[in-house]
Amino acid sequence: MNTLKKLIKNEPFIAIGGAIALVLSVAVLVIVVAATPKPIDSSMILNESGELVERAPLEPSGQTIDNKFNCADGKSIITKYDLGSNALTVIISPEVSYVLPQDITPDGAKYSTVDGSIIYTENNGQATLTEQGQVTYRECVAQ
């Protein structure tokens, strides 16, 4: 304690500079911690009222409704809707498929990943698939 008192008395600018550096360091730490993304609870979704509700379970029941869709630009996708879990498997190719939980929407059907990076919508007989914010399959019509 005596050393600190001597420093303040003999070198006030060094003491003030050290105090300012300490305060700035703590402020930066608080900002970094506050800006760190929080993990998303994958079991919850927002309903149409903006309330968090339980997401449908993704345990397959073995009972599916399968459809093939022809899309614009000569593309096609296959969907498998699981009657037990309300999840939808969207198959783009033998190597790429997504299992998407059902979301609550006021009209049509919507299935998406928790982070919204993959979204499948179907309304009035037309389906759309959005990947990473880009519509990759559009004007898809069931065969």
# chains A, B, ... in the order shown; residues from 1 in each chain; ligands from 1
$ residues_around --residues "Lys110 of chain A" --least-positions-apart "2" --cutoff "8 Å" --atoms "only C-alpha atoms" --output "PyMOL selection string"
chain A and resi 102-105+108+112+119-122
$ closest_residue --among "A:Thr128, A:Thr64, A:Asn70, A:Ser76" --to "Thr89 of chain A" --atoms "only C-alpha atoms"
A:Thr64
